[in-house]
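Data from input_8.txt: compact mmCIF, C-alpha atoms
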# COMPACT_ATOMS: atom_id res chain seq x y z
CA MET A 11 30.47 -9.21 16.73
CA THR A 12 32.89 -6.29 16.82
CA LEU A 13 33.10 -3.76 14.03
CA SER A 14 36.48 -3.46 12.37
CA PRO A 15 38.92 -0.71 13.44
CA SER A 16 38.38 1.00 10.09
CA HIS A 17 35.03 2.16 11.42
CA ILE A 18 36.66 4.06 14.30
CA ALA A 19 37.48 7.67 13.47
CA PRO A 20 39.58 10.21 15.41
CA THR A 21 36.76 12.78 15.20
CA PRO A 22 33.69 12.52 17.46
CA THR A 23 31.06 10.05 16.25
CA ILE A 24 27.35 10.79 16.60
CA LEU A 25 25.40 7.58 16.14
CA THR A 26 21.83 6.64 15.29
CA ILE A 27 20.50 3.07 15.04
CA GLY A 28 17.38 1.52 13.56
CA ASN A 29 15.66 -0.28 10.69
CA PHE A 30 14.98 2.97 8.80
CA ASP A 31 12.90 0.98 6.35
CA GLY A 32 10.42 3.74 5.53
CA LEU A 33 12.73 6.75 5.82
CA HIS A 34 9.58 8.56 6.91
CA LEU A 35 9.24 11.82 8.83
CA GLY A 36 10.09 10.16 12.13
CA HIS A 37 13.24 8.59 10.70
CA ARG A 38 14.21 11.89 9.07
CA THR A 39 13.93 13.64 12.45
CA LEU A 40 16.43 11.22 13.99
CA ILE A 41 18.79 11.47 11.03
CA ASP A 42 18.57 15.27 10.87
CA MET A 43 19.43 15.59 14.56
CA THR A 44 22.31 13.15 14.19
CA ILE A 45 23.74 15.20 11.34
CA ALA A 46 23.15 18.51 13.14
CA LEU A 47 24.95 17.32 16.30
CA ALA A 48 27.84 15.97 14.23
CA ARG A 49 28.23 19.28 12.43
CA SER A 50 28.06 21.32 15.63
CA TRP A 51 30.72 19.14 17.28
CA GLY A 52 32.93 18.85 14.20
CA GLY A 53 32.26 15.12 14.16
CA ARG A 54 30.87 12.35 11.99
CA ALA A 55 27.22 11.36 11.58
CA VAL A 56 27.00 7.56 11.49
CA LEU A 57 23.91 5.40 11.01
CA ILE A 58 23.61 1.69 11.79
CA THR A 59 20.86 -0.30 10.11
CA PHE A 60 20.17 -3.99 9.59
CA VAL A 61 20.00 -6.30 6.57
CA PRO A 62 17.72 -7.97 6.03
CA HIS A 63 14.90 -6.26 7.90
CA PRO A 64 14.32 -8.21 11.15
CA LYS A 65 10.72 -9.07 10.22
CA VAL A 66 11.86 -10.48 6.88
CA PHE A 67 14.69 -12.36 8.59
CA PHE A 68 12.26 -14.21 10.85
CA ALA A 69 9.39 -14.57 8.35
CA PRO A 70 10.17 -13.87 4.67
CA GLN A 71 7.19 -12.23 2.98
CA ALA A 72 6.23 -10.62 -0.31
CA HIS A 73 5.04 -7.04 -0.67
CA PHE A 74 6.61 -5.87 2.60
CA PHE A 75 9.09 -3.14 1.70
CA ILE A 76 8.23 0.54 1.42
CA HIS A 77 11.44 1.07 -0.57
CA PRO A 78 13.36 -1.70 -2.37
CA GLU A 79 16.60 -2.37 -0.51
CA ARG A 80 18.78 -0.93 -3.29
CA ILE A 81 16.69 2.27 -3.30
CA ARG A 82 16.80 2.53 0.49
CA GLU A 83 20.59 2.22 0.35
CA ARG A 84 20.75 4.91 -2.33
CA MET A 85 18.58 7.23 -0.22
CA LEU A 86 20.58 6.63 2.96
CA ASN A 87 23.87 7.17 1.17
CA SER A 88 22.71 10.50 -0.25
CA ILE A 89 20.99 12.00 2.78
CA GLY A 90 24.03 13.74 4.29
CA LEU A 91 25.39 11.08 6.64
CA ASP A 92 29.12 10.51 6.82
CA GLU A 93 28.78 6.74 7.04
CA VAL A 94 26.06 4.13 6.84
CA ILE A 95 26.83 0.72 8.35
CA TYR A 96 24.73 -2.23 7.19
CA LEU A 97 24.86 -4.89 9.92
CA PRO A 98 23.92 -8.46 8.92
CA PHE A 99 20.98 -9.11 11.23
CA GLY A 100 21.85 -12.81 11.40
CA ASP A 101 25.10 -11.90 13.15
CA ILE A 102 23.52 -9.91 15.97
CA TYR A 103 19.97 -11.10 16.59
CA GLN A 104 20.95 -13.44 19.44
CA MET A 105 23.05 -10.85 21.28
CA THR A 106 21.99 -9.72 24.72
CA PRO A 107 21.46 -5.98 25.11
CA ARG A 108 24.74 -5.75 26.99
CA ALA A 109 26.64 -7.63 24.30
CA PHE A 110 25.15 -5.44 21.55
CA PHE A 111 26.21 -2.32 23.44
CA ASP A 112 29.71 -3.59 24.21
CA GLU A 113 30.50 -5.24 20.87
CA VAL A 114 28.70 -3.00 18.39
CA ILE A 115 28.05 0.42 19.87
CA LEU A 116 31.29 0.77 21.82
CA SER A 117 33.25 -0.42 18.77
CA LEU A 118 32.34 2.90 17.16
CA ASP A 119 33.39 4.94 20.20
CA PRO A 120 30.43 7.35 19.96
CA VAL A 121 30.22 10.52 22.03
CA ALA A 122 26.45 10.70 21.53
CA ILE A 123 23.58 8.50 20.34
CA VAL A 124 20.29 9.72 18.85
CA LEU A 125 17.29 7.37 19.05
CA GLY A 126 13.53 7.27 19.37
CA ASP A 127 12.28 6.85 22.93
CA ASN A 128 10.64 3.54 21.92
CA PHE A 129 13.98 2.02 20.90
CA SER A 130 14.53 -1.64 21.80
CA PHE A 131 17.56 -3.83 21.21
CA GLY A 132 19.09 -7.19 21.97
CA CYS A 133 17.65 -10.69 21.63
CA ARG A 134 13.83 -10.63 21.50
CA LYS A 135 13.94 -6.84 22.02
CA SER A 136 14.79 -7.47 25.64
CA GLY A 137 16.59 -4.14 26.09
CA ASN A 138 14.80 -0.80 26.14
CA ILE A 139 15.74 2.87 26.22
CA ASP A 140 16.21 2.82 30.00
CA ASP A 141 18.75 -0.01 29.70
CA LEU A 142 20.60 1.90 27.00
CA ARG A 143 20.53 5.09 29.07
CA ARG A 144 22.18 3.20 31.94
CA PHE A 145 24.85 1.71 29.66
CA CYS A 146 25.53 5.12 28.11
CA CYS A 147 25.85 6.75 31.53
CA GLU A 148 28.44 4.16 32.56
CA SER A 149 30.45 4.92 29.39
CA ASP A 150 30.00 8.71 29.44
CA ILE A 151 27.99 8.74 26.20
CA ALA A 152 25.28 11.34 25.73
CA LEU A 153 21.91 9.80 24.84
CA HIS A 154 19.26 11.83 23.02
CA ALA A 155 15.94 9.95 23.16
CA LEU A 156 13.41 11.76 20.97
CA GLY A 157 9.65 11.50 21.22
CA ARG A 158 7.88 9.98 18.25
CA THR A 159 6.84 12.19 15.35
CA THR A 160 3.05 12.26 15.02
CA PHE A 161 0.56 12.76 12.20
CA ASP A 162 -3.16 13.14 12.82
CA HIS A 163 -2.56 12.62 16.56
CA CYS A 164 -0.90 9.21 16.09
CA PRO A 165 2.79 8.24 15.84
CA VAL A 166 4.28 8.03 12.36
CA SER A 167 5.50 4.48 11.76
CA SER A 168 6.35 2.19 8.87
CA THR A 169 3.55 -0.15 9.99
CA ARG A 170 1.02 2.66 9.78
CA ILE A 171 2.34 3.72 6.37
CA ARG A 172 2.04 0.15 5.03
CA ALA A 173 -1.55 0.00 6.24
CA ALA A 174 -2.41 3.33 4.59
CA ILE A 175 -0.90 2.20 1.26
CA ARG A 176 -2.77 -1.12 1.33
CA GLU A 177 -6.00 0.74 2.03
CA GLY A 178 -5.41 3.06 -0.93
CA ASN A 179 -4.98 6.05 1.39
CA ILE A 180 -2.05 7.39 -0.59
CA ALA A 181 -2.53 10.96 0.63
CA MET A 182 -2.00 9.88 4.26
CA ALA A 183 0.96 7.65 3.37
CA ASN A 184 2.63 10.47 1.46
CA LYS A 185 2.22 12.91 4.33
CA MET A 186 3.89 10.48 6.74
CA LEU A 187 6.65 9.66 4.25
CA GLY A 188 7.27 13.30 3.37
CA VAL A 189 7.57 12.28 -0.30
CA PRO A 190 5.25 10.51 -2.77
CA TYR A 191 5.07 6.74 -2.39
CA THR A 192 6.92 5.23 -5.36
CA LEU A 193 6.90 1.79 -6.95
CA TYR A 194 9.84 0.54 -9.01
CA GLY A 195 9.84 -2.08 -11.73
CA CYS A 196 10.86 -3.16 -15.21
CA VAL A 197 8.32 -2.56 -18.00
CA GLU A 198 6.98 -5.84 -19.36
CA HIS A 199 4.85 -6.82 -22.34
CA GLY A 200 1.21 -7.13 -21.34
CA ALA A 201 -2.02 -8.22 -22.98
CA GLN A 202 -2.25 -4.92 -24.94
CA ARG A 203 -5.79 -4.32 -23.62
CA GLY A 204 -5.08 -0.67 -22.92
CA ARG A 205 -3.65 -0.11 -26.41
CA THR A 206 -6.77 -1.54 -28.06
CA LEU A 207 -8.84 1.00 -26.10
CA GLY A 208 -6.60 3.89 -27.11
CA PHE A 209 -4.79 4.08 -23.77
CA PRO A 210 -1.48 2.16 -24.01
CA THR A 211 0.10 1.30 -20.68
CA ALA A 212 3.54 0.60 -19.25
CA ASN A 213 3.08 -2.51 -17.11
CA ILE A 214 5.28 -3.55 -14.19
CA HIS A 215 5.18 -6.34 -11.63
CA VAL A 216 6.40 -5.42 -8.15
CA PRO A 217 7.21 -8.51 -6.03
CA ASP A 218 8.79 -6.92 -2.97
CA GLN A 219 7.10 -3.58 -2.24
CA VAL A 220 3.84 -2.82 -0.46
CA LEU A 221 1.09 -2.59 -3.08
CA PRO A 222 -1.71 -0.01 -3.03
CA ALA A 223 -5.32 -1.18 -2.98
CA THR A 224 -6.73 -2.02 -6.39
CA GLY A 225 -8.11 0.98 -8.23
CA VAL A 226 -7.09 3.98 -10.30
CA TYR A 227 -4.57 6.58 -9.13
CA ALA A 228 -3.12 9.92 -10.18
CA THR A 229 0.59 9.26 -10.68
CA ARG A 230 3.77 10.53 -12.27
CA VAL A 231 6.19 8.27 -14.12
CA ALA A 232 9.89 8.52 -14.99
CA THR A 233 12.64 6.08 -15.82
CA GLU A 234 15.15 5.33 -13.09
CA SER A 235 17.91 6.87 -15.21
CA ASP A 236 16.46 10.39 -15.50
CA ASP A 237 14.09 12.90 -13.91
CA ASP A 238 11.90 13.48 -16.95
CA TRP A 239 8.58 13.04 -15.15
CA HIS A 240 5.27 12.60 -16.98
CA ASP A 241 1.76 12.77 -15.60
CA ALA A 242 0.04 9.39 -15.71
CA MET A 243 -3.05 7.39 -14.84
CA THR A 244 -2.19 4.15 -13.07
CA ALA A 245 -4.44 1.16 -12.47
CA VAL A 246 -3.58 -1.41 -9.81
CA THR A 247 -5.36 -4.58 -10.93
CA HIS A 248 -5.60 -8.26 -10.06
CA THR A 249 -5.16 -10.69 -12.95
CA PRO A 250 -5.25 -14.53 -12.91
CA SER A 251 -1.82 -16.07 -13.56
CA PHE A 252 -0.97 -19.78 -13.41
CA GLY A 253 -3.75 -20.59 -11.00
CA CYS A 254 -3.19 -17.64 -8.66
CA VAL A 255 -4.00 -13.96 -8.63
CA ASP A 256 -1.24 -11.59 -9.72
CA THR A 257 -1.18 -7.83 -9.18
CA VAL A 258 -0.17 -5.66 -12.12
CA ILE A 259 0.64 -1.96 -12.14
CA GLU A 260 -0.55 -0.45 -15.46
CA SER A 261 0.32 3.18 -16.20
CA ASN A 262 -1.07 5.21 -19.08
CA ILE A 263 1.54 7.95 -19.46
CA PHE A 264 0.18 11.22 -20.79
CA ASP A 265 1.81 12.91 -23.79
CA PHE A 266 4.44 10.18 -24.16
CA ASN A 267 5.20 8.06 -27.22
CA GLY A 268 8.55 6.44 -26.36
CA ASP A 269 9.42 2.76 -25.99
CA LEU A 270 9.82 1.72 -22.35
CA TYR A 271 9.88 -2.07 -22.73
CA ASP A 272 12.59 -3.68 -20.56
CA ARG A 273 13.44 -0.30 -18.96
CA ARG A 274 13.18 0.31 -15.22
CA ILE A 275 10.66 2.98 -14.28
CA ARG A 276 9.43 4.78 -11.17
CA VAL A 277 5.73 5.33 -10.52
CA GLU A 278 4.97 8.09 -8.00
CA PHE A 279 1.51 7.77 -6.43
CA HIS A 280 -0.23 11.06 -5.61
CA GLU A 281 -3.94 10.47 -5.14
CA PHE A 282 -6.54 7.70 -5.22
CA ILE A 283 -9.19 8.30 -7.92
CA ARG A 284 -11.64 5.40 -7.78
CA HIS A 285 -12.08 1.69 -7.10
CA GLU A 286 -12.14 -0.94 -9.84
CA MET A 287 -15.45 -1.05 -11.69
CA VAL A 288 -17.28 -3.41 -14.03
CA PHE A 289 -18.61 -1.79 -17.22
CA ASP A 290 -21.50 -2.84 -19.45
CA SER A 291 -19.62 -2.05 -22.64
CA LYS A 292 -16.31 -1.02 -24.12
CA GLU A 293 -17.76 2.43 -24.80
CA CYS A 294 -18.74 2.91 -21.14
CA LEU A 295 -15.22 1.94 -20.07
CA ILE A 296 -13.64 4.42 -22.51
CA ARG A 297 -15.88 7.24 -21.28
CA GLN A 298 -14.91 6.52 -17.69
CA ILE A 299 -11.20 6.42 -18.57
CA GLU A 300 -11.52 9.79 -20.29
CA CYS A 301 -13.17 11.22 -17.15
CA ASP A 302 -10.42 9.74 -14.98
CA LYS A 303 -7.75 11.19 -17.22
CA GLN A 304 -9.22 14.69 -17.07
CA ALA A 305 -9.59 14.52 -13.29
CA ILE A 306 -5.98 13.37 -12.94
CA ARG A 307 -4.68 16.17 -15.16
CA GLU A 308 -6.42 18.69 -12.91
CA ILE A 309 -5.18 17.08 -9.69
CA LEU A 310 -1.56 16.92 -10.83
CA ALA A 311 -1.66 20.46 -12.25
CA ALA A 312 -2.88 21.71 -8.86
CA LEU A 313 0.07 20.03 -7.13
CA GLU A 314 2.49 22.17 -9.15
CA LYS A 315 0.93 25.47 -8.03

Show me the file's structure as structure tokens.
Amino acid sequence: MTLSPSHIAPTPTILTIGNFDGLHLGHRTLIDMTIALARSWGGRAVLITFVPHPKVFFAPQAHFFIHPERIRERMLNSIGLDEVIYLPFGDIYQMTPRAFFDEVILSLDPVAIVLGDNFSFGCRKSGNIDDLRRFCCESDIALHALGRTTFDHCPVSSTRIRAAIREGNIAMANKMLGVPYTLYGCVEHGAQRGRTLGFPTANIHVPDQVLPATGVYATRVATESDDDWHDAMTAVTHTPSFGCVDTVIESNIFDFNGDLYDRRIRVEFHEFIRHEMVFDSKECLIRQIECDKQAIREILAALEK
């Protein structure tokens, strides 16, 4: 596979390559350096990523993505890069490391490449950073291999972020992401249980993103079309559906009376509050929800200071 001539620019190209699925602090370090080098050399910052994600290509799975693909594309296209190239992974996964370098990388005529020092490429990840360094030396391309960004003495990675989210450790996930973990979905009609208790909820199903552990969280909610954020209390719950267990995201939005049905919303997760509980009565449940709501108001107010 050779990229089309339209991708080749007369100005110097600084290139970075990777899945960039989490766009976490480690990814941002690579992208920031790519952009900084491009600006200092009067060149173009170009990023190559793959669609679909290699793990999904080989083994399709639900609840894998940190960001939905359309959101990841939006983020990449607004981060300050001059060009983002989305390579179909099916077209390149059988390439040898040499073929990938010759047919993909050299097609862009880069003067420098910025990567993590754990970078691997080619069929079955058979090429490593040392192979790429040798290829770059032969072609007079500068290679910047950066050490991995760490948090709490361990490398930041999308795998580690997924694990933290699934464990309900939202605080750790957010620190590695550099932004609050956010779920996206269309508001659906539910069983109205929250409304009967005095706490109406906006309910979404999220089929593709990593889901937090069941429980109650301090969150903020906005529609995808605006930045009018509202504090909220969100429950991640399991409900039986057609013989299987479904996970529903239910958000009680504070000080909000609008109609969100069939609208796409964003739910920012800020802090885990408590695990799911069984209550002896409706009154006990309401008292606990009131306590949760007050705790969440205080947590979110503190974040703004």

Worksheet item: Using all atoms listed in the file, which residues sit within 8 Å of Asp92 in chain A once same-chain residues fewer than 6 positions away are excluded, as a PyMOL selection string?
Response: chain A and resi 54-56

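Distances here use only C-alpha atoms; by that measure, the residue among A:Ser149, A:Ser168, A:Asn267, A:Asn262 closest to Glu300 in chain A is A:Asn262.
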
Worksheet item: What is the distance, in Å and to one decimal place, between CA of Ile45 in chain A and CA of Phe145 in chain A?
Response: 22.8 Å

Within 12 Å of range 268-282 of chain A: each range 59-108 of chain A residue with its shortest pair, only C-alpha atoms, as JSON lines:
{"residue": "A:His77", "atom": "CA", "partner": "A:Arg276", "partner_atom": "CA", "distance": 11.4}
{"residue": "A:Pro78", "atom": "CA", "partner": "A:Arg276", "partner_atom": "CA", "distance": 11.6}
{"residue": "A:Ile81", "atom": "CA", "partner": "A:Arg276", "partner_atom": "CA", "distance": 11.0}

Selection: 12 Å around Thr159 in chain A, only C-alpha atoms, excl. self and same-chain fewer than 2 positions, as a PDB file with C-alpha atoms, in the coordinates of the input:
ATOM      1  CA  HIS A  34       9.580   8.560   6.910  1.00  0.00           C
ATOM      2  CA  LEU A  35       9.240  11.820   8.830  1.00  0.00           C
ATOM      3  CA  GLY A  36      10.090  10.160  12.130  1.00  0.00           C
ATOM      4  CA  HIS A  37      13.240   8.590  10.700  1.00  0.00           C
ATOM      5  CA  ARG A  38      14.210  11.890   9.070  1.00  0.00           C
ATOM      6  CA  THR A  39      13.930  13.640  12.450  1.00  0.00           C
ATOM      7  CA  LEU A  40      16.430  11.220  13.990  1.00  0.00           C
ATOM      8  CA  GLY A 126      13.530   7.270  19.370  1.00  0.00           C
ATOM      9  CA  ASP A 127      12.280   6.850  22.930  1.00  0.00           C
ATOM     10  CA  ASN A 128      10.640   3.540  21.920  1.00  0.00           C
ATOM     11  CA  LEU A 156      13.410  11.760  20.970  1.00  0.00           C
ATOM     12  CA  GLY A 157       9.650  11.500  21.220  1.00  0.00           C
ATOM     13  CA  PHE A 161       0.560  12.760  12.200  1.00  0.00           C
ATOM     14  CA  ASP A 162      -3.160  13.140  12.820  1.00  0.00           C
ATOM     15  CA  HIS A 163      -2.560  12.620  16.560  1.00  0.00           C
ATOM     16  CA  CYS A 164      -0.900   9.210  16.090  1.00  0.00           C
ATOM     17  CA  PRO A 165       2.790   8.240  15.840  1.00  0.00           C
ATOM     18  CA  VAL A 166       4.280   8.030  12.360  1.00  0.00           C
ATOM     19  CA  SER A 167       5.500   4.480  11.760  1.00  0.00           C
ATOM     20  CA  SER A 168       6.350   2.190   8.870  1.00  0.00           C
ATOM     21  CA  LYS A 185       2.220  12.910   4.330  1.00  0.00           C
ATOM     22  CA  MET A 186       3.890  10.480   6.740  1.00  0.00           C
ATOM     23  CA  LEU A 187       6.650   9.660   4.250  1.00  0.00           C
TER      24      LEU A 187
END

Worksheet item: From the set A:Asp42, A:Asp31, A:Glu93, A:Glu177, which residue has the shortest atom-to-atom contact distance to Ile58 in chain A, counting all atoms listed in the file?
Response: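 Result for the nearest residue to Ile58 in chain A: A:Glu93.
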
Pro222 in chain A: which residues within 7 Å, counting only C-alpha atoms, same-chain residues fewer than 4 positions away excluded, as an mmCIF file with C-alpha atoms, keeping the file's coordinate frame?
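Final output, saved to part_30.cif:
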data_model
loop_
_atom_site.group_PDB
_atom_site.id
_atom_site.type_symbol
_atom_site.label_atom_id
_atom_site.label_comp_id
_atom_site.auth_asym_id
_atom_site.auth_seq_id
_atom_site.Cartn_x
_atom_site.Cartn_y
_atom_site.Cartn_z
ATOM 1 C CA ILE A 175 -0.900 2.200 1.260
ATOM 2 C CA ARG A 176 -2.770 -1.120 1.330
ATOM 3 C CA GLU A 177 -6.000 0.740 2.030
ATOM 4 C CA GLY A 178 -5.410 3.060 -0.930
#

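For the pair CA of Tyr191 in chain A and CA of Ala228 in chain A, the interatomic distance is 11.7 Å.
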
Item to complete: Tell me, in Å to one decimal, how far CA of Asp119 in chain A is from CA of Pro22 in chain A.
Response: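 According to the coordinates, CA of Asp119 in chain A and CA of Pro22 in chain A are separated by 8.1 Å.
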
Discussion item. Would you pick out the contacts of range 212-221 of chain A at 6 Å or less, using only C-alpha atoms, so that residues sharing its chain but fewer than 4 positions from it are not included, and give the list as a list of chain:residue names?
Written reply: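 With the cut-off at 6 Å, the set is A:Ala72, A:His73, A:Phe74, A:Phe75, A:Ile76, A:Gly195, A:Cys196, A:Val197, A:Glu198, A:Val258, A:Ile259, A:Glu260, A:Ser261.
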
Practice prompt. Quick one: everything within 12 Å of Gln298 in chain A, counting only C-alpha atoms, minus sequence neighbours fewer than 6 positions away in the same chain. Send it as a ChimeraX atom specification.
Written response: /A:207,226,283-292,304-305

Worksheet entry | Counting all atoms listed in the file, the option among A:Cys147, A:Leu25, A:Ala155, A:Ala183 closest to Ala46 in chain A |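 Of A:Cys147, A:Leu25, A:Ala155, A:Ala183, the one nearest Ala46 in chain A is A:Leu25, counting all atoms listed in the file.
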
Worksheet item: Which one is closest to Asn179 in chain A: A:Leu142, A:His154, A:Gly132, A:Tyr227? Count only C-alpha atoms.
Response: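 Selected residue with least distance to Asn179 in chain A: A:Tyr227.
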
Taking the point (21.6, -17.4, 11.8) as given in the file, collect each protein or nucleic acid residue that comes within 12 Å of it, counting all atoms listed in the file, and present the set as a tab-separated table (two decimals) with C-alpha atoms, keeping the file's coordinate frame.
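Printed below is selection-v4.tsv as written:
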chain	number	residue	atom	x	y	z
A	62	PRO	CA	17.72	-7.97	6.03
A	64	PRO	CA	14.32	-8.21	11.15
A	67	PHE	CA	14.69	-12.36	8.59
A	68	PHE	CA	12.26	-14.21	10.85
A	98	PRO	CA	23.92	-8.46	8.92
A	99	PHE	CA	20.98	-9.11	11.23
A	100	GLY	CA	21.85	-12.81	11.40
A	101	ASP	CA	25.10	-11.90	13.15
A	102	ILE	CA	23.52	-9.91	15.97
A	103	TYR	CA	19.97	-11.10	16.59
A	104	GLN	CA	20.95	-13.44	19.44
A	105	MET	CA	23.05	-10.85	21.28

Reconstruct all heavy atoms of range 117-125 of chain A; output as a PDB file, in the frame of the given file.
ATOM      1  N   SER A 117      32.247  -0.282  19.839  1.00  0.00           N
ATOM      2  CA  SER A 117      33.250  -0.420  18.770  1.00  0.00           C
ATOM      3  C   SER A 117      33.393   0.860  17.968  1.00  0.00           C
ATOM      4  O   SER A 117      34.444   1.116  17.385  1.00  0.00           O
ATOM      5  CB  SER A 117      32.868  -1.570  17.833  1.00  0.00           C
ATOM      6  OG  SER A 117      32.959  -2.812  18.484  1.00  0.00           O
ATOM      7  N   LEU A 118      32.327   1.662  17.931  1.00  0.00           N
ATOM      8  CA  LEU A 118      32.340   2.900  17.160  1.00  0.00           C
ATOM      9  C   LEU A 118      32.765   4.100  17.992  1.00  0.00           C
ATOM     10  O   LEU A 118      32.915   5.202  17.469  1.00  0.00           O
ATOM     11  CB  LEU A 118      30.960   3.156  16.561  1.00  0.00           C
ATOM     12  CG  LEU A 118      30.524   2.109  15.530  1.00  0.00           C
ATOM     13  CD1 LEU A 118      29.055   2.264  15.203  1.00  0.00           C
ATOM     14  CD2 LEU A 118      31.360   2.223  14.266  1.00  0.00           C
ATOM     15  N   ASP A 119      32.938   3.889  19.298  1.00  0.00           N
ATOM     16  CA  ASP A 119      33.390   4.940  20.200  1.00  0.00           C
ATOM     17  C   ASP A 119      32.582   6.230  20.055  1.00  0.00           C
ATOM     18  O   ASP A 119      33.144   7.322  19.873  1.00  0.00           O
ATOM     19  CB  ASP A 119      34.881   5.236  19.938  1.00  0.00           C
ATOM     20  CG  ASP A 119      35.511   6.057  21.064  1.00  0.00           C
ATOM     21  OD1 ASP A 119      34.996   6.002  22.196  1.00  0.00           O
ATOM     22  OD2 ASP A 119      36.496   6.768  20.792  1.00  0.00           O
ATOM     23  N   PRO A 120      31.242   6.139  20.148  1.00  0.00           N
ATOM     24  CA  PRO A 120      30.430   7.350  19.960  1.00  0.00           C
ATOM     25  C   PRO A 120      30.492   8.273  21.177  1.00  0.00           C
ATOM     26  O   PRO A 120      30.644   7.819  22.310  1.00  0.00           O
ATOM     27  CB  PRO A 120      29.018   6.794  19.784  1.00  0.00           C
ATOM     28  CG  PRO A 120      29.019   5.542  20.590  1.00  0.00           C
ATOM     29  CD  PRO A 120      30.404   4.961  20.432  1.00  0.00           C
ATOM     30  N   VAL A 121      30.345   9.570  20.919  1.00  0.00           N
ATOM     31  CA  VAL A 121      30.220  10.520  22.030  1.00  0.00           C
ATOM     32  C   VAL A 121      28.755  10.804  22.314  1.00  0.00           C
ATOM     33  O   VAL A 121      28.413  11.305  23.391  1.00  0.00           O
ATOM     34  CB  VAL A 121      30.964  11.846  21.714  1.00  0.00           C
ATOM     35  CG1 VAL A 121      32.453  11.591  21.560  1.00  0.00           C
ATOM     36  CG2 VAL A 121      30.382  12.523  20.481  1.00  0.00           C
ATOM     37  N   ALA A 122      27.883  10.491  21.336  1.00  0.00           N
ATOM     38  CA  ALA A 122      26.450  10.700  21.530  1.00  0.00           C
ATOM     39  C   ALA A 122      25.681   9.736  20.638  1.00  0.00           C
ATOM     40  O   ALA A 122      26.158   9.330  19.575  1.00  0.00           O
ATOM     41  CB  ALA A 122      26.054  12.140  21.217  1.00  0.00           C
ATOM     42  N   ILE A 123      24.474   9.375  21.090  1.00  0.00           N
ATOM     43  CA  ILE A 123      23.580   8.500  20.340  1.00  0.00           C
ATOM     44  C   ILE A 123      22.221   9.174  20.260  1.00  0.00           C
ATOM     45  O   ILE A 123      21.719   9.707  21.249  1.00  0.00           O
ATOM     46  CB  ILE A 123      23.447   7.114  21.008  1.00  0.00           C
ATOM     47  CG1 ILE A 123      24.821   6.455  21.169  1.00  0.00           C
ATOM     48  CG2 ILE A 123      22.514   6.215  20.209  1.00  0.00           C
ATOM     49  CD1 ILE A 123      24.787   5.146  21.946  1.00  0.00           C
ATOM     50  N   VAL A 124      21.616   9.139  19.066  1.00  0.00           N
ATOM     51  CA  VAL A 124      20.290   9.720  18.850  1.00  0.00           C
ATOM     52  C   VAL A 124      19.332   8.593  18.480  1.00  0.00           C
ATOM     53  O   VAL A 124      19.560   7.868  17.510  1.00  0.00           O
ATOM     54  CB  VAL A 124      20.322  10.774  17.724  1.00  0.00           C
ATOM     55  CG1 VAL A 124      18.924  11.353  17.506  1.00  0.00           C
ATOM     56  CG2 VAL A 124      21.323  11.881  18.040  1.00  0.00           C
ATOM     57  N   LEU A 125      18.244   8.451  19.263  1.00  0.00           N
ATOM     58  CA  LEU A 125      17.290   7.370  19.050  1.00  0.00           C
ATOM     59  C   LEU A 125      15.879   7.834  19.360  1.00  0.00           C
ATOM     60  O   LEU A 125      15.685   8.856  20.019  1.00  0.00           O
ATOM     61  CB  LEU A 125      17.621   6.177  19.958  1.00  0.00           C
ATOM     62  CG  LEU A 125      18.974   5.499  19.778  1.00  0.00           C
ATOM     63  CD1 LEU A 125      19.254   4.586  20.951  1.00  0.00           C
ATOM     64  CD2 LEU A 125      18.993   4.718  18.472  1.00  0.00           C
TER      65      LEU A 125
END
